[in-house]
$ cat data_19.cif   # mmCIF, C-alpha atoms
data_model
loop_
_atom_site.label_atom_id
_atom_site.label_comp_id
_atom_site.auth_asym_id
_atom_site.auth_seq_id
_atom_site.Cartn_x
_atom_site.Cartn_y
_atom_site.Cartn_z
CA MET B 1 120.10 71.02 -29.13
CA VAL B 2 116.31 70.75 -29.36
CA SER B 3 115.16 70.96 -32.98
CA PRO B 4 112.47 73.50 -33.93
CA PRO B 5 109.01 72.07 -33.27
CA ILE B 6 106.95 70.74 -36.17
CA GLU B 7 103.38 71.99 -36.18
CA ASN B 8 100.78 69.35 -37.12
CA ALA B 9 103.49 66.70 -37.29
CA LEU B 10 103.05 63.20 -38.67
CA ILE B 11 105.03 60.46 -36.92
CA THR B 12 105.27 57.27 -38.96
CA PHE B 13 105.83 53.93 -37.24
CA VAL B 14 106.72 50.68 -38.98
CA GLU B 15 106.60 47.58 -36.79
CA GLY B 16 106.84 49.75 -33.70
CA THR B 17 109.82 51.83 -34.80
CA ILE B 18 109.75 55.49 -35.81
CA VAL B 19 110.77 55.75 -39.47
CA GLU B 20 109.81 59.35 -40.29
CA ILE B 21 108.74 62.63 -38.72
CA LYS B 22 107.40 65.37 -40.98
CA PRO B 23 104.56 67.88 -41.37
CA ALA B 24 101.18 66.20 -41.82
CA GLY B 25 99.17 66.54 -45.00
CA THR B 26 102.01 65.78 -47.40
CA ASP B 27 100.96 62.16 -48.07
CA PRO B 28 97.53 60.60 -48.71
CA VAL B 29 97.81 58.42 -45.61
CA GLN B 30 95.10 57.83 -43.05
CA ALA B 31 96.48 59.30 -39.83
CA ILE B 32 94.72 59.73 -36.52
CA ASP B 33 94.60 63.11 -34.83
CA LEU B 34 95.83 62.96 -31.23
CA GLY B 35 94.21 66.29 -30.47
CA ASP B 36 95.74 69.53 -29.26
CA VAL B 37 98.94 68.23 -27.71
CA ALA B 38 102.69 68.64 -27.81
CA VAL B 39 104.48 65.32 -28.35
CA LEU B 40 107.70 65.08 -26.32
CA PRO B 41 110.38 62.44 -25.79
CA LYS B 42 110.53 60.78 -22.41
CA LEU B 43 112.36 62.89 -19.84
CA VAL B 44 115.75 62.11 -18.29
CA ASN B 45 116.17 62.22 -14.50
CA ALA B 46 119.93 62.64 -14.17
CA HIS B 47 120.04 62.31 -10.37
CA THR B 48 117.87 60.61 -7.81
CA HIS B 49 117.99 58.19 -4.86
CA LEU B 50 115.08 55.79 -5.40
CA GLU B 51 115.69 54.09 -2.06
CA PHE B 52 114.18 57.09 -0.23
CA SER B 53 110.88 56.89 -2.12
CA ASP B 54 109.00 55.99 1.05
CA CYS B 55 109.46 59.52 2.44
CA GLU B 56 106.04 61.17 2.52
CA SER B 57 107.69 64.57 2.85
CA PRO B 58 111.26 65.89 2.86
CA ILE B 59 113.39 65.12 5.90
CA GLY B 60 113.95 68.15 8.11
CA THR B 61 112.50 71.61 7.57
CA PRO B 62 112.99 74.07 4.69
CA GLY B 63 116.21 76.01 5.08
CA ILE B 64 117.90 73.33 7.21
CA ALA B 65 121.70 73.36 7.09
CA LEU B 66 123.01 70.63 4.79
CA ALA B 67 125.26 69.19 7.51
CA ASP B 68 122.30 68.87 9.90
CA TRP B 69 120.15 67.37 7.15
CA ILE B 70 122.84 64.77 6.43
CA GLY B 71 122.67 63.74 10.08
CA GLU B 72 118.90 63.30 9.82
CA VAL B 73 119.29 61.25 6.64
CA MET B 74 121.91 59.00 8.25
CA ARG B 75 119.49 58.22 11.06
CA ALA B 76 116.69 57.49 8.58
CA ARG B 77 118.90 55.29 6.40
CA GLY B 78 120.03 53.29 9.41
CA GLN B 79 116.44 52.17 9.96
CA THR B 80 116.01 50.79 6.41
CA ASP B 81 116.85 47.15 5.64
CA LEU B 82 117.41 45.62 2.20
CA ALA B 83 113.81 44.45 1.73
CA ALA B 84 112.44 47.89 2.57
CA ARG B 85 114.97 49.52 0.28
CA GLN B 86 113.90 47.30 -2.61
CA ALA B 87 110.24 48.12 -2.00
CA ASN B 88 111.10 51.81 -1.98
CA ILE B 89 112.94 51.47 -5.28
CA ALA B 90 109.89 49.86 -6.90
CA LYS B 91 107.69 52.66 -5.58
CA GLY B 92 110.08 55.29 -6.92
CA LEU B 93 110.25 53.65 -10.32
CA ALA B 94 106.47 53.66 -10.64
CA GLU B 95 106.29 57.32 -9.66
CA SER B 96 109.08 58.25 -12.07
CA VAL B 97 107.47 56.52 -15.04
CA ALA B 98 104.14 58.19 -14.27
CA GLY B 99 105.95 61.53 -14.50
CA GLY B 100 107.14 60.96 -18.06
CA VAL B 101 110.66 59.71 -17.28
CA GLY B 102 112.30 57.10 -19.50
CA LEU B 103 115.89 57.19 -18.21
CA ILE B 104 117.00 57.40 -14.57
CA ALA B 105 120.40 57.92 -12.95
CA ASP B 106 119.95 56.31 -9.53
CA ILE B 107 122.38 56.40 -6.61
CA ALA B 108 122.29 53.01 -4.90
CA THR B 109 123.35 51.91 -1.44
CA THR B 110 124.79 48.48 -2.06
CA PRO B 111 123.84 45.70 -1.94
CA SER B 112 120.80 46.68 -3.95
CA THR B 113 118.67 45.10 -6.65
CA TYR B 114 115.99 46.33 -9.02
CA PRO B 115 112.65 44.73 -9.87
CA PRO B 116 112.10 43.59 -13.48
CA LEU B 117 112.09 46.83 -15.47
CA GLU B 118 109.52 45.36 -17.86
CA ASP B 119 107.07 45.88 -14.98
CA PHE B 120 107.61 49.63 -15.41
CA ALA B 121 106.99 49.92 -19.14
CA VAL B 122 104.75 52.11 -21.27
CA GLN B 123 103.60 50.22 -24.37
CA GLY B 124 106.46 47.75 -24.10
CA ASN B 125 109.06 50.49 -23.60
CA PRO B 126 110.68 49.85 -20.19
CA VAL B 127 112.35 52.52 -18.13
CA ARG B 128 116.13 52.35 -18.29
CA ILE B 129 118.41 52.83 -15.26
CA VAL B 130 122.01 53.78 -14.75
CA SER B 131 122.72 52.50 -11.24
CA PHE B 132 125.54 54.27 -9.39
CA ALA B 133 127.10 52.15 -6.66
CA GLU B 134 127.73 54.60 -3.84
CA ILE B 135 131.20 54.69 -2.27
CA LEU B 136 131.81 56.48 1.04
CA GLY B 137 133.45 56.13 4.43
CA LEU B 138 135.93 58.40 6.19
CA SER B 139 137.67 55.47 7.87
CA SER B 140 139.85 53.25 5.68
CA GLU B 141 137.94 50.16 6.87
CA ARG B 142 134.54 51.61 5.96
CA GLY B 143 135.84 52.95 2.66
CA ASP B 144 137.31 49.59 1.65
CA GLU B 145 134.08 47.82 2.57
CA ARG B 146 131.95 50.18 0.47
CA PHE B 147 134.41 50.03 -2.43
CA GLN B 148 134.33 46.23 -2.58
CA SER B 149 130.55 46.24 -2.32
CA ALA B 150 130.43 48.69 -5.25
CA VAL B 151 132.64 46.38 -7.33
CA ARG B 152 130.28 43.45 -6.65
CA HIS B 153 127.25 45.60 -7.53
CA CYS B 154 128.76 46.63 -10.86
CA ASP B 155 129.79 43.06 -11.71
CA SER B 156 126.26 41.87 -10.96
CA LEU B 157 124.62 44.49 -13.17
CA ASP B 158 127.06 43.73 -15.99
CA ARG B 159 125.53 40.25 -16.16
CA GLN B 160 121.91 41.45 -16.24
CA GLY B 161 121.72 43.05 -19.69
CA ASP B 162 121.59 46.62 -20.89
CA ARG B 163 118.40 47.83 -19.20
CA CYS B 164 120.31 48.52 -15.99
CA GLN B 165 123.81 49.86 -16.50
CA PRO B 166 126.46 49.97 -13.72
CA ALA B 167 128.18 53.20 -12.68
CA ILE B 168 130.17 54.55 -9.72
CA SER B 169 129.42 57.35 -7.25
CA PRO B 170 131.99 58.55 -4.73
CA HIS B 171 129.34 60.16 -2.56
CA ALA B 172 130.60 63.62 -1.59
CA PRO B 173 133.77 65.38 -0.36
CA TYR B 174 132.53 65.46 3.24
CA SER B 175 131.91 61.69 3.33
CA THR B 176 134.53 60.30 0.95
CA PRO B 177 138.29 60.89 1.36
CA ILE B 178 139.91 62.27 -1.76
CA ASP B 179 142.04 59.12 -2.21
CA LEU B 180 138.86 57.02 -2.20
CA VAL B 181 137.37 59.35 -4.81
CA ARG B 182 140.44 58.68 -6.97
CA ARG B 183 140.00 54.91 -6.52
CA GLY B 184 136.40 55.16 -7.66
CA VAL B 185 137.32 57.15 -10.76
CA GLU B 186 140.14 54.70 -11.57
CA LEU B 187 137.70 51.80 -11.27
CA ALA B 188 135.36 53.50 -13.74
CA SER B 189 138.18 54.41 -16.11
CA HIS B 190 139.56 50.86 -16.23
CA SER B 191 136.17 49.18 -16.76
CA ALA B 192 135.50 47.64 -20.16
CA ASP B 193 133.05 50.32 -21.30
CA GLY B 194 134.30 53.22 -19.20
CA MET B 195 131.69 53.58 -16.47
CA LEU B 196 130.00 56.87 -15.69
CA VAL B 197 130.96 58.60 -12.41
CA ALA B 198 128.73 60.87 -10.30
CA MET B 199 129.61 62.91 -7.22
CA HIS B 200 127.75 65.45 -5.09
CA LEU B 201 129.93 68.54 -5.34
CA ALA B 202 129.82 72.27 -4.52
CA GLU B 203 126.55 71.53 -2.75
CA SER B 204 126.77 74.26 -0.11
CA PRO B 205 129.06 76.95 1.37
CA GLU B 206 129.43 74.68 4.42
CA GLU B 207 131.08 72.06 2.23
CA ARG B 208 133.55 74.62 0.88
CA GLU B 209 134.41 75.75 4.43
CA LEU B 210 135.14 72.18 5.48
CA LEU B 211 137.34 71.52 2.45
CA ALA B 212 139.21 74.83 2.60
CA ASN B 213 139.58 75.29 6.36
CA GLY B 214 138.57 72.05 8.10
CA THR B 215 136.05 74.05 10.15
CA GLY B 216 132.36 74.90 10.23
CA ARG B 217 129.14 73.01 10.74
CA PHE B 218 130.25 69.93 8.79
CA ALA B 219 133.32 69.58 10.99
CA GLU B 220 131.12 69.85 14.09
CA VAL B 221 128.64 67.24 12.86
CA LEU B 222 131.38 64.78 11.87
CA LYS B 223 133.12 65.16 15.23
CA ASN B 224 129.88 64.81 17.20
CA ALA B 225 129.05 61.63 15.26
CA GLY B 226 132.49 60.16 15.90
CA LEU B 227 133.28 60.17 12.16
CA TRP B 228 136.05 62.77 12.11
CA ARG B 229 139.44 61.53 10.94
CA ASP B 230 142.53 63.69 11.41
CA GLY B 231 144.40 64.52 8.23
CA LEU B 232 141.41 64.42 5.86
CA PHE B 233 140.45 68.09 6.09
CA PRO B 234 141.23 70.69 4.95
CA VAL B 235 141.84 69.52 1.37
CA SER B 236 143.00 72.78 -0.20
CA ALA B 237 142.87 76.31 1.17
CA THR B 238 142.73 77.90 -2.27
CA GLU B 239 141.13 75.42 -4.70
CA PRO B 240 139.03 72.96 -2.69
CA ILE B 241 136.38 72.29 -5.35
CA LEU B 242 138.83 72.31 -8.26
CA GLU B 243 140.75 69.48 -6.57
CA TYR B 244 137.71 67.24 -7.07
CA LEU B 245 136.83 68.57 -10.52
CA ARG B 246 140.31 67.65 -11.73
CA ILE B 247 139.75 64.08 -10.56
CA LEU B 248 136.32 63.91 -12.21
CA ALA B 249 137.85 65.21 -15.44
CA SER B 250 140.02 62.07 -15.59
CA ALA B 251 136.92 59.84 -15.78
CA PRO B 252 135.49 58.84 -19.17
CA ARG B 253 132.33 60.78 -18.34
CA SER B 254 131.18 62.27 -15.04
CA LEU B 255 128.37 64.15 -13.32
CA ALA B 256 128.98 66.93 -10.80
CA VAL B 257 125.71 66.82 -8.90
CA HIS B 258 124.09 69.99 -7.53
CA GLY B 259 126.81 72.61 -8.15
CA ASN B 260 124.88 75.13 -6.05
CA ASP B 261 128.12 76.82 -4.95
CA PHE B 262 130.20 76.79 -8.13
CA ARG B 263 132.34 79.90 -8.56
CA ALA B 264 133.75 81.57 -11.67
CA ASP B 265 137.04 79.64 -11.83
CA GLU B 266 135.22 76.35 -11.36
CA ILE B 267 132.70 77.21 -14.10
CA ASP B 268 135.62 78.06 -16.39
CA PHE B 269 137.16 74.65 -15.64
CA LEU B 270 133.87 72.90 -16.42
CA ALA B 271 133.59 74.77 -19.72
CA GLN B 272 137.05 73.52 -20.66
CA ASN B 273 136.27 69.90 -19.67
CA PRO B 274 133.08 68.81 -21.49
CA SER B 275 133.35 65.24 -20.16
CA ILE B 276 131.94 66.67 -16.90
CA SER B 277 128.25 67.59 -16.84
CA VAL B 278 126.45 69.39 -14.02
CA VAL B 279 123.17 68.07 -12.63
CA TYR B 280 120.88 70.73 -11.18
CA CYS B 281 118.06 69.70 -8.83
CA PRO B 282 115.88 72.85 -8.70
CA ARG B 283 113.37 72.01 -5.98
CA THR B 284 115.99 70.46 -3.70
CA HIS B 285 118.06 73.62 -4.15
CA ALA B 286 115.00 75.64 -3.12
CA PHE B 287 114.31 73.38 -0.11
CA PHE B 288 117.69 74.25 1.40
CA GLY B 289 117.21 77.95 0.70
CA TYR B 290 120.49 78.46 -1.11
CA ASP B 291 121.38 81.59 -3.06
CA VAL B 292 120.39 81.70 -6.73
CA HIS B 293 121.80 78.70 -8.60
CA PRO B 294 124.49 79.57 -11.19
CA VAL B 295 122.71 77.57 -13.92
CA ASP B 296 122.47 80.68 -16.10
CA ARG B 297 126.24 81.23 -15.93
CA LEU B 298 126.92 77.54 -16.53
CA LEU B 299 124.78 77.50 -19.67
CA ARG B 300 126.24 80.74 -21.00
CA SER B 301 129.71 79.24 -20.55
CA GLY B 302 128.77 76.20 -22.60
CA VAL B 303 128.58 73.74 -19.71
CA ARG B 304 126.14 70.89 -20.17
CA VAL B 305 123.48 71.00 -17.44
CA ALA B 306 120.99 68.19 -16.84
CA LEU B 307 118.06 68.10 -14.41
CA GLY B 308 117.47 65.77 -11.49
CA THR B 309 114.87 65.41 -8.77
CA ASP B 310 117.24 64.23 -6.06
CA SER B 311 115.25 62.08 -3.61
CA ARG B 312 112.06 62.38 -1.63
CA ALA B 313 114.30 63.11 1.35
CA SER B 314 114.62 66.66 -0.01
CA ASN B 315 111.78 66.88 -2.54
CA PRO B 316 108.02 66.34 -2.30
CA ASP B 317 107.96 63.93 -5.26
CA LEU B 318 110.03 62.38 -8.05
CA SER B 319 108.41 64.17 -10.98
CA LEU B 320 111.06 65.49 -13.36
CA TRP B 321 108.21 67.30 -15.12
CA GLU B 322 107.66 69.34 -11.94
CA GLU B 323 111.34 70.33 -11.97
CA LEU B 324 110.86 71.64 -15.50
CA ARG B 325 107.71 73.50 -14.46
CA PHE B 326 109.49 74.95 -11.44
CA LEU B 327 112.15 76.48 -13.67
CA LEU B 328 109.66 77.77 -16.22
CA ASN B 329 107.76 79.50 -13.42
CA ARG B 330 110.64 80.61 -11.16
CA ARG B 331 113.64 81.14 -13.45
CA GLN B 332 112.24 83.29 -16.22
CA ASP B 333 115.78 84.51 -16.94
CA LEU B 334 116.33 81.10 -18.58
CA ASP B 335 115.34 80.41 -22.18
CA PRO B 336 112.44 77.89 -22.05
CA ILE B 337 114.07 75.95 -24.87
CA ARG B 338 117.16 75.46 -22.72
CA VAL B 339 115.00 74.29 -19.83
CA LEU B 340 113.45 71.64 -22.07
CA GLU B 341 116.91 70.62 -23.26
CA MET B 342 118.08 70.17 -19.67
CA ALA B 343 115.18 67.78 -19.08
CA THR B 344 115.75 65.82 -22.29
CA ILE B 345 118.74 65.86 -24.62
CA MET B 346 121.29 67.37 -22.23
CA GLY B 347 120.37 64.74 -19.65
CA ALA B 348 120.80 62.00 -22.25
CA GLU B 349 124.16 63.42 -23.33
CA ALA B 350 125.32 63.71 -19.73
CA ILE B 351 124.51 60.06 -19.05
CA GLY B 352 125.81 58.87 -22.41
CA MET B 353 122.49 57.73 -23.88
CA ASP B 354 122.31 60.29 -26.68
CA GLN B 355 122.57 59.85 -30.42
CA SER B 356 126.35 59.46 -30.38
CA SER B 357 126.44 56.77 -27.70
CA GLY B 358 125.77 53.78 -29.96
CA VAL B 359 122.92 52.45 -27.79
CA ASN B 360 119.91 50.95 -29.55
CA GLN B 361 117.46 53.36 -27.95
CA THR B 362 118.26 57.06 -28.13
CA PHE B 363 116.93 59.16 -25.27
CA GLY B 364 116.11 62.83 -25.04
CA ARG B 365 114.87 63.29 -28.60
CA ILE B 366 112.24 62.05 -31.03
CA GLU B 367 113.94 60.65 -34.10
CA ALA B 368 113.80 57.91 -36.69
CA GLY B 369 115.06 54.64 -35.27
CA ASN B 370 113.58 55.06 -31.81
CA SER B 371 111.39 52.12 -30.91
CA GLY B 372 107.99 52.10 -29.34
CA VAL B 373 105.26 54.62 -28.87
CA GLY B 374 106.07 54.27 -25.19
CA SER B 375 109.10 56.51 -25.78
CA LEU B 376 106.72 59.48 -26.19
CA PHE B 377 104.31 61.40 -23.99
CA LEU B 378 101.77 64.12 -24.62
CA VAL B 379 101.22 67.53 -23.04
CA PRO B 380 97.90 69.31 -23.66
CA THR B 381 98.23 72.69 -25.39
CA ARG B 382 96.17 74.83 -27.73
CA ALA B 383 98.75 77.57 -28.02
CA ALA B 384 99.34 79.15 -31.42
CA THR B 385 102.90 80.26 -30.62
CA LEU B 386 105.97 78.57 -29.19
CA ASN B 387 105.98 80.93 -26.21
CA GLY B 388 102.37 79.96 -25.63
CA VAL B 389 103.30 76.27 -25.68
CA TYR B 390 105.91 76.82 -22.97
CA ALA B 391 103.40 78.82 -20.96
CA ASP B 392 101.07 75.81 -21.18
CA PHE B 393 103.91 73.55 -20.04
CA ALA B 394 104.38 75.77 -16.99
CA ARG B 395 100.68 75.37 -16.12
CA THR B 396 100.35 71.63 -16.80
CA GLU B 397 100.66 69.41 -13.74
CA THR B 398 102.13 65.92 -13.84
CA SER B 399 98.68 64.38 -13.44
CA GLN B 400 97.64 65.99 -16.73
CA LEU B 401 100.35 64.31 -18.79
CA ARG B 402 99.07 61.70 -21.21
CA PHE B 403 100.67 58.61 -22.65
CA CYS B 404 99.80 56.91 -25.91
CA THR B 405 98.10 53.56 -25.45
CA ALA B 406 97.33 50.60 -27.66
CA THR B 407 93.97 52.19 -28.46
CA ASP B 408 95.68 55.30 -29.84
CA PRO B 409 96.39 54.95 -33.54
CA ILE B 410 99.91 56.27 -33.03
CA ALA B 411 100.48 53.11 -31.00
CA GLY B 412 98.37 50.57 -32.82
CA HIS B 413 98.88 51.35 -36.49
CA ASN B 414 101.81 49.89 -38.40
CA GLY B 415 101.76 52.71 -40.90
CA ALA B 416 101.40 56.32 -39.82
CA GLY B 417 100.23 57.55 -36.49
#
$ encode --input "data_19.cif" --output "structure tokens"
Amino acid sequence: MVSPPIENALITFVEGTIVEIKPAGTDPVQAIDLGDVAVLPKLVNAHTHLEFSDCESPIGTPGIALADWIGEVMRARGQTDLAARQANIAKGLAESVAGGVGLIADIATTPSTYPPLEDFAVQGNPVRIVSFAEILGLSSERGDERFQSAVRHCDSLDRQGDRCQPAISPHAPYSTPIDLVRRGVELASHSADGMLVAMHLAESPEERELLANGTGRFAEVLKNAGLWRDGLFPVSATEPILEYLRILASAPRSLAVHGNDFRADEIDFLAQNPSISVVYCPRTHAFFGYDVHPVDRLLRSGVRVALGTDSRASNPDLSLWEELRFLLNRRQDLDPIRVLEMATIMGAEAIGMDQSSGVNQTFGRIEAGNSGVGSLFLVPTRAATLNGVYADFARTETSQLRFCTATDPIAGHNGAG
């Protein structure tokens, strides 16, 4: 949960580490006023595909059917080689950091590598990545190939230190046979540290129709592309989404990405299985023109919900801040405090980088022990009330966010800042 805000707070750093946060004016210490701002922890983007960061605008047109959009994406991906993909990743990292993000859950087509993350640091505080090796393929040959590539990707990241953590992503029910999903979850479960698993799930009514009946637009697209395999669909006439949720629940920790089409029984299951978090991508949801997202029902049921941008293939940019603003402006049925939690602490908890995770750097909150002024960013506000602060957040564009620099006393002073 987000703690109550501290008005006129004093954040004390010693050798670059936060040691205390308290109301200012209680000690005779020379502090520097940062002005009329709210100080926030770096945001958590719980779902993106950095490799599509070269898209100048979303692929397709607003309201496009998901199955048709997938076909467009497959054609675009087929034109991207490894070098271009790596350049796109670097571009996406730079854009993410500029938008106040400190932790990213990235879905990676393997083989894939990341540039030195120190190149994407604010005051010596590099962005951190959880890199999900994507597994897919309706044919057994393709599935085996992608699975082995995912294993190599995870082994490689394991040797590169803790700034880039390996994870597994069985892509989606329409692209990944259920037995291959199970293999991916078993791989994660048997890894030394229990890797995180992510899967696109309950993304659209078309997906549910394919899984329950083996019919609909997804079936048509798969058959037209020569990808249809007899015996894979339908999966279950009565509980198609629950079949996958049960598998995800066997993972140490998992993300059900999108959840646009979750129904009451599935929300109940999620509430009873807290190892599964839902990742909601608000502007991507709006791009496809889906019915109202059940995020309100998920939160009321006690389900952890994080925010993601998805990729530039379905979103105009990679600013997690703009996702937060979108919800503050469009979903006024949601408590603004909960919206902020989804962008910070709930994202960190979903990924396993929260206070209880044992990592050196805690994400999603400002607390003693966090290192580096680069873990913070500033939002201009002169509001006298908390509701006024959130109203200012809703008006503040990404370009107006501010980061502490070495010339700011909060960054350069070894005492209080």
$ atom_distance --input "data_19.cif" --atom1 "atom CA of B:Gln400" --atom2 "atom CA of B:Ile59"
27.6 Å
$ closest_residue --input "data_19.cif" --among "B:Leu180, B:Ala271, B:Leu318, B:Ala9" --to "B:Phe52" --atoms "all atoms listed in the file"
B:Leu318
$ resolve_selection --input "data_19.cif" --expression "the PyMOL selection byres ((chain B and resi 296) around 10)" --output "PDB file with C-alpha atoms, in the coordinates of the input"
ATOM      1  CA  VAL B 292     120.390  81.700  -6.730  1.00  0.00           C
ATOM      2  CA  HIS B 293     121.800  78.700  -8.600  1.00  0.00           C
ATOM      3  CA  PRO B 294     124.490  79.570 -11.190  1.00  0.00           C
ATOM      4  CA  VAL B 295     122.710  77.570 -13.920  1.00  0.00           C
ATOM      5  CA  ARG B 297     126.240  81.230 -15.930  1.00  0.00           C
ATOM      6  CA  LEU B 298     126.920  77.540 -16.530  1.00  0.00           C
ATOM      7  CA  LEU B 299     124.780  77.500 -19.670  1.00  0.00           C
ATOM      8  CA  ARG B 300     126.240  80.740 -21.000  1.00  0.00           C
ATOM      9  CA  SER B 301     129.710  79.240 -20.550  1.00  0.00           C
ATOM     10  CA  VAL B 303     128.580  73.740 -19.710  1.00  0.00           C
ATOM     11  CA  VAL B 305     123.480  71.000 -17.440  1.00  0.00           C
ATOM     12  CA  ARG B 331     113.640  81.140 -13.450  1.00  0.00           C
ATOM     13  CA  ASP B 333     115.780  84.510 -16.940  1.00  0.00           C
ATOM     14  CA  LEU B 334     116.330  81.100 -18.580  1.00  0.00           C
ATOM     15  CA  ASP B 335     115.340  80.410 -22.180  1.00  0.00           C
ATOM     16  CA  ARG B 338     117.160  75.460 -22.720  1.00  0.00           C
TER      17      ARG B 338
END
$ atom_distance --input "data_19.cif" --atom1 "atom CA of B:Glu239" --atom2 "atom CA of B:Trp69"
25.4 Å
$ residues_around --input "data_19.cif" --residues "B:Pro166" --least-positions-apart "4" --cutoff "9 Å" --atoms "only C-alpha atoms" --output "VMD selection string"
chain B and resid 129 to 133 153 to 158 195 to 196
$ residues_around --input "data_19.cif" --residues "stretch 85-95 of chain B" --least-positions-apart "4" --cutoff "9 Å" --atoms "all atoms listed in the file" --output "ChimeraX atom specification"
/B:49-54,80-81,99,104,109,112-115,117,119-120,127,317-319
$ write_last_selection --input "data_19.cif" --atoms "C-alpha atoms" --output "short mmCIF file (atom, residue, chain, number, x, y, z; two decimals), keeping the file's coordinate frame"
data_model
loop_
_atom_site.label_atom_id
_atom_site.label_comp_id
_atom_site.auth_asym_id
_atom_site.auth_seq_id
_atom_site.Cartn_x
_atom_site.Cartn_y
_atom_site.Cartn_z
CA HIS B 49 117.99 58.19 -4.86
CA LEU B 50 115.08 55.79 -5.40
CA GLU B 51 115.69 54.09 -2.06
CA PHE B 52 114.18 57.09 -0.23
CA SER B 53 110.88 56.89 -2.12
CA ASP B 54 109.00 55.99 1.05
CA THR B 80 116.01 50.79 6.41
CA ASP B 81 116.85 47.15 5.64
CA GLY B 99 105.95 61.53 -14.50
CA ILE B 104 117.00 57.40 -14.57
CA THR B 109 123.35 51.91 -1.44
CA SER B 112 120.80 46.68 -3.95
CA THR B 113 118.67 45.10 -6.65
CA TYR B 114 115.99 46.33 -9.02
CA PRO B 115 112.65 44.73 -9.87
CA LEU B 117 112.09 46.83 -15.47
CA ASP B 119 107.07 45.88 -14.98
CA PHE B 120 107.61 49.63 -15.41
CA VAL B 127 112.35 52.52 -18.13
CA ASP B 317 107.96 63.93 -5.26
CA LEU B 318 110.03 62.38 -8.05
CA SER B 319 108.41 64.17 -10.98
#
$ residues_around --input "data_19.cif" --residues "B:Asn45" --least-positions-apart "3" --cutoff "9 Å" --atoms "all atoms listed in the file" --output "list in words"
Thr48, Ser96, Val101, Gly102, Leu103, Ile104, Ala105, Asp106, Ala306, Leu307, Gly308, Thr309, Asp310, Leu318, Ser319, Leu320, Ala343, Thr344 and Gly347 of chain B
$ residues_near_point --input "data_19.cif" --point "(107.7, 57.2, -38.9)" --cutoff "9 Å" --atoms "only C-alpha atoms" --output "list of chain:residue names"
B:Leu10, B:Ile11, B:Thr12, B:Phe13, B:Val14, B:Thr17, B:Ile18, B:Val19, B:Glu20, B:Ile21, B:Lys22, B:Glu367, B:Ala368, B:Gly369, B:Gly415, B:Ala416, B:Gly417
$ resolve_selection --input "data_19.cif" --expression "the PyMOL selection byres ((chain B and resi 377-379) around 6)" --output "list in words"
Val37, Ala38, Val39, Leu40, Leu376, Pro380, Leu401, Arg402 and Phe403 of chain B
$ resolve_selection --input "data_19.cif" --expression "the PyMOL selection byres ((chain B and resi 214) around 10)" --output "MDAnalysis selection string"
chainID B and resid 207:213 215:220 230:237
$ atom_distance --input "data_19.cif" --atom1 "atom CA of B:Asn387" --atom2 "atom CA of B:Leu328"
11.1 Å
$ closest_residue --input "data_19.cif" --among "B:Glu203, B:Glu243, B:Asp291, B:Asp33" --to "B:His258" --atoms "all atoms listed in the file"
B:Glu203
